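Here's the structure we're looking at; comments come further down.
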Amino acid sequence: MINFAHRGASGDYPENTLIAFKEGIRCGGTGLEFDVHQTKDGELVVIHDEDVERTMQGKGLIKDLTLDEIRAFKCRKARFVDHEECYVPKLEEVLELVKEQEITINIELKTDVISYFGMEEEVIELIQRYGVKHKVLLSSFNPQSLKKCKEIDATIKTGFLYHQPMEQIIEYAKTLRVDAIHPHLKLVTKDLIEKAHQNQLDVNVYTVNSPIHMRELIRAEVDGIFTDYPSLLNEIIEEN
Ligand code: G3P
Ligand code: CA
């Protein structure tokens, strides 16, 4: 069972920053999850929203800002404003950080609201350049993005994210040729997990921060849990 530090150890550290990723690994995460957008000047950056304003002291859409403009913004979490690792990192910096780590890396392509031209090709090219393909899982809420990833590289692992009930989810996942389904916690049942496994699909569930849900999912033999508190999940895994 993979303990994915969701946006890093984002419960206690500024999400999607190098300090949150380092802490996610240090406290027992066996996977990291993070989100990728593309800047005006075509750079891949790790940040959740389309807009910088919620997490950083700046304004504007990622697609309308240059890398230099985005990296100049300080983070909003008061305790970390002047911390040297709390800017918006480039995807390359995160890959550099994780390339020697024995962890799974879930890169979420944020292509469901804004579509970024050529993003899938560029992400896969970087993954290959850093030699981390064997530990990467690409996910997206946008099925077209996932199809494209498999067209570019049929053996790269992909996971389909969804947050609305889908009756034929297993059949649909097979049409996308994904390796995993990534349902919202509210959509998960033991039956779904069993059926997914019978169809050679992993089930990774987001975002799980309560010990009760963590224990239930572990009992139901889920394959991965995304949590903002990887240290808490690690304690629960070690109970068994
Ligand atoms: O990948 C799981 C989860 O991160 C998907 O939702 O909004 O947190 O990116 P969100
Ligand atoms: Ca995400």
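Every chain in the structure tokens has a letter given in the order shown (A, B, ...), and although residue numbers restart at 1 in each chain, ligands are simply numbered from 1 in the order shown.
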
At most 7 Å from ligand 1 (only C-alpha atoms and all ligand atoms): residue list as a PyMOL selection string: chain A and resi 6+33-35+48+108+139+161+182+206-207+226

Surrounding residues of Pro14 in chain A excluding itself and chain neighbours under 3 positions, 12 Å, only C-alpha atoms, as a PyMOL selection string: chain A and resi 6-11+17-24+47-48+54-56+74-83+85-89+228

Counting only C-alpha atoms and all ligand atoms, the residue among A:Asn3, A:Thr30, A:Thr39, A:Thr111 that lies closest to ligand 2 is A:Thr111

Residue with smallest distance to ligand 2 - pool A:Gln144, A:Thr189, A:Ser210, A:Asn106, counting only C-alpha atoms and all ligand atoms: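 The closest residue to ligand 2 is A:Asn106.
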
As a list in words, please: the residues near Lys147 in chain A (cut-off 9 Å, only C-alpha atoms, same-chain neighbours under 6 positions excluded).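 Listing them by chain and then by number gives Leu176, Arg177 and Val178 of chain A.
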
Would you kindly return, as a list in words, each protein, DNA or RNA residue with an atom no farther than 10 Å from any atom of Glu235 in chain A, considering only C-alpha atoms and excluding same-chain residues fewer than 4 positions away? Cys27, Gly28, Pro211, Pro230, Ser231, Glu239 and Asn240 of chain A

With N, CA and C atoms retained, export the selected residues as an mmCIF file, in the first residue's frame.
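Result written to out19.cif:
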data_model
loop_
_atom_site.group_PDB
_atom_site.id
_atom_site.type_symbol
_atom_site.label_atom_id
_atom_site.label_comp_id
_atom_site.auth_asym_id
_atom_site.auth_seq_id
_atom_site.Cartn_x
_atom_site.Cartn_y
_atom_site.Cartn_z
ATOM 1 N N CYS A 27 9.022 11.624 6.692
ATOM 2 C CA CYS A 27 8.117 11.100 7.729
ATOM 3 C C CYS A 27 7.468 9.777 7.335
ATOM 4 N N GLY A 28 7.905 9.170 6.261
ATOM 5 C CA GLY A 28 7.431 7.808 5.969
ATOM 6 C C GLY A 28 6.574 7.668 4.735
ATOM 7 N N PRO A 211 -8.130 8.917 10.452
ATOM 8 C CA PRO A 211 -7.658 7.567 10.779
ATOM 9 C C PRO A 211 -8.713 6.501 10.507
ATOM 10 N N PRO A 230 1.036 12.259 5.793
ATOM 11 C CA PRO A 230 1.692 10.954 5.604
ATOM 12 C C PRO A 230 2.263 10.371 6.888
ATOM 13 N N SER A 231 2.614 11.219 7.863
ATOM 14 C CA SER A 231 3.148 10.662 9.121
ATOM 15 C C SER A 231 2.037 9.935 9.879
ATOM 16 N N GLU A 239 0.572 -0.001 12.699
ATOM 17 C CA GLU A 239 -0.253 -0.698 13.708
ATOM 18 C C GLU A 239 -0.398 -2.166 13.350
ATOM 19 N N ASN A 240 -0.371 -2.437 12.013
ATOM 20 C CA ASN A 240 -0.698 -3.800 11.575
ATOM 21 C C ASN A 240 0.529 -4.720 11.546
#

Can you check which residues of range 114-170 of chain A DSSP gives as helix (DSSP H, G or I) on the backbone and send them as a PyMOL selection string? chain A and resi 119-129+133-135+143-152+169-170

Non-local contacts of Pro165 in chain A (12 Å; only C-alpha atoms; under 6 positions in same chain excluded) as a ChimeraX atom specification: /A:183-189,192

From range 6-237 of chain A, collect each residue whose DSSP state is strand (DSSP E) and return the set as a ChimeraX atom specification. /A:6,31-38,44-46,104-109,136-140,157-162,180-183,202-205,224-227

Point-to-point distance from CA of Val45 in chain A to CA of Glu122 in chain A, Å rounded to tenths: 11.8 Å

Figure out the distance between CA of Ala173 in chain A and CA of Val123 in chain A, please, to one decimal in Å.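 Atom-to-atom, CA of Val123 in chain A to CA of Ala173 in chain A, that is 21.8 Å.
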
Neighbours of Arg215 in chain A within 12 Å (only C-alpha atoms; same-chain residues fewer than 4 positions away dropped), as a JSON list (two decimals) with C-alpha atoms, in the first residue's frame?
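Saved the output as around_36.json:
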[["chain", "number", "residue", "atom", "x", "y", "z"],
["A", 1, "MET", "CA", 0.00, 0.00, 0.00],
["A", 208, "VAL", "CA", -7.84, 10.72, 3.12],
["A", 209, "ASN", "CA", -6.99, 12.50, 6.34],
["A", 210, "SER", "CA", -9.02, 10.64, 8.97],
["A", 211, "PRO", "CA", -7.66, 7.57, 10.78],
["A", 219, "ARG", "CA", -8.62, -3.40, 5.42],
["A", 220, "ALA", "CA", -10.28, -3.21, 2.00],
["A", 221, "GLU", "CA", -6.84, -3.72, 0.40],
["A", 222, "VAL", "CA", -6.62, -0.45, -1.41],
["A", 225, "ILE", "CA", -3.90, 6.48, -0.23],
["A", 232, "LEU", "CA", -0.32, 9.83, 10.51],
["A", 233, "LEU", "CA", -0.93, 7.27, 7.77],
["A", 234, "ASN", "CA", 2.49, 5.79, 8.43],
["A", 235, "GLU", "CA", 1.59, 5.29, 12.11],
["A", 236, "ILE", "CA", -1.63, 3.55, 11.11],
["A", 237, "ILE", "CA", 0.14, 1.29, 8.61],
["A", 238, "GLU", "CA", 2.59, 0.32, 11.35],
["A", 239, "GLU", "CA", -0.25, -0.70, 13.71],
["A", 240, "ASN", "CA", -0.70, -3.80, 11.57]]

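Near Leu67 in chain A, within 10 Å and counting only C-alpha atoms, sit Gln38, Thr39, Lys40, Asp41, Gly42, Glu43, Leu44, Val45, Ile62, Lys63, Arg71, Ala72, Val88, Pro89 and Lys90 of chain A, not including residues fewer than 4 positions from it in the same chain.
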
Please produce an output containing N, CA and C atoms for each residue in the selection, written as an mmCIF file, in the first residue's frame.
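Here's the written file again.cif:
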data_model
loop_
_atom_site.group_PDB
_atom_site.id
_atom_site.type_symbol
_atom_site.label_atom_id
_atom_site.label_comp_id
_atom_site.auth_asym_id
_atom_site.auth_seq_id
_atom_site.Cartn_x
_atom_site.Cartn_y
_atom_site.Cartn_z
ATOM 1 N N GLN A 38 1.622 24.714 -16.786
ATOM 2 C CA GLN A 38 2.645 25.243 -17.702
ATOM 3 C C GLN A 38 2.570 26.773 -17.730
ATOM 4 N N THR A 39 3.740 27.409 -17.648
ATOM 5 C CA THR A 39 3.782 28.880 -17.598
ATOM 6 C C THR A 39 3.638 29.481 -19.006
ATOM 7 N N LYS A 40 3.515 30.797 -19.021
ATOM 8 C CA LYS A 40 3.422 31.536 -20.298
ATOM 9 C C LYS A 40 4.627 31.242 -21.194
ATOM 10 N N ASP A 41 5.808 31.100 -20.570
ATOM 11 C CA ASP A 41 7.005 30.820 -21.367
ATOM 12 C C ASP A 41 7.320 29.324 -21.462
ATOM 13 N N GLY A 42 6.275 28.506 -21.253
ATOM 14 C CA GLY A 42 6.388 27.082 -21.570
ATOM 15 C C GLY A 42 7.098 26.217 -20.539
ATOM 16 N N GLU A 43 7.304 26.727 -19.325
ATOM 17 C CA GLU A 43 7.987 25.923 -18.291
ATOM 18 C C GLU A 43 6.954 25.120 -17.486
ATOM 19 N N LEU A 44 7.332 23.908 -17.115
ATOM 20 C CA LEU A 44 6.446 23.067 -16.298
ATOM 21 C C LEU A 44 6.705 23.373 -14.828
ATOM 22 N N VAL A 45 5.640 23.747 -14.127
ATOM 23 C CA VAL A 45 5.787 24.115 -12.717
ATOM 24 C C VAL A 45 4.830 23.310 -11.853
ATOM 25 N N ILE A 62 -1.367 30.883 -14.112
ATOM 26 C CA ILE A 62 -0.035 30.338 -14.447
ATOM 27 C C ILE A 62 0.250 30.562 -15.935
ATOM 28 N N LYS A 63 -0.764 30.314 -16.751
ATOM 29 C CA LYS A 63 -0.550 30.390 -18.207
ATOM 30 C C LYS A 63 -0.231 31.811 -18.675
ATOM 31 N N ARG A 71 8.160 32.499 -9.768
ATOM 32 C CA ARG A 71 9.133 32.109 -8.732
ATOM 33 C C ARG A 71 9.473 33.247 -7.783
ATOM 34 N N ALA A 72 9.149 34.465 -8.171
ATOM 35 C CA ALA A 72 9.416 35.600 -7.281
ATOM 36 C C ALA A 72 8.370 35.688 -6.158
ATOM 37 N N VAL A 88 7.413 28.353 -5.926
ATOM 38 C CA VAL A 88 6.810 27.372 -6.841
ATOM 39 C C VAL A 88 7.947 26.675 -7.602
ATOM 40 N N PRO A 89 8.143 25.369 -7.380
ATOM 41 C CA PRO A 89 9.278 24.709 -8.045
ATOM 42 C C PRO A 89 8.976 24.328 -9.493
ATOM 43 N N LYS A 90 10.039 24.214 -10.264
ATOM 44 C CA LYS A 90 9.909 23.641 -11.603
ATOM 45 C C LYS A 90 9.752 22.128 -11.448
#
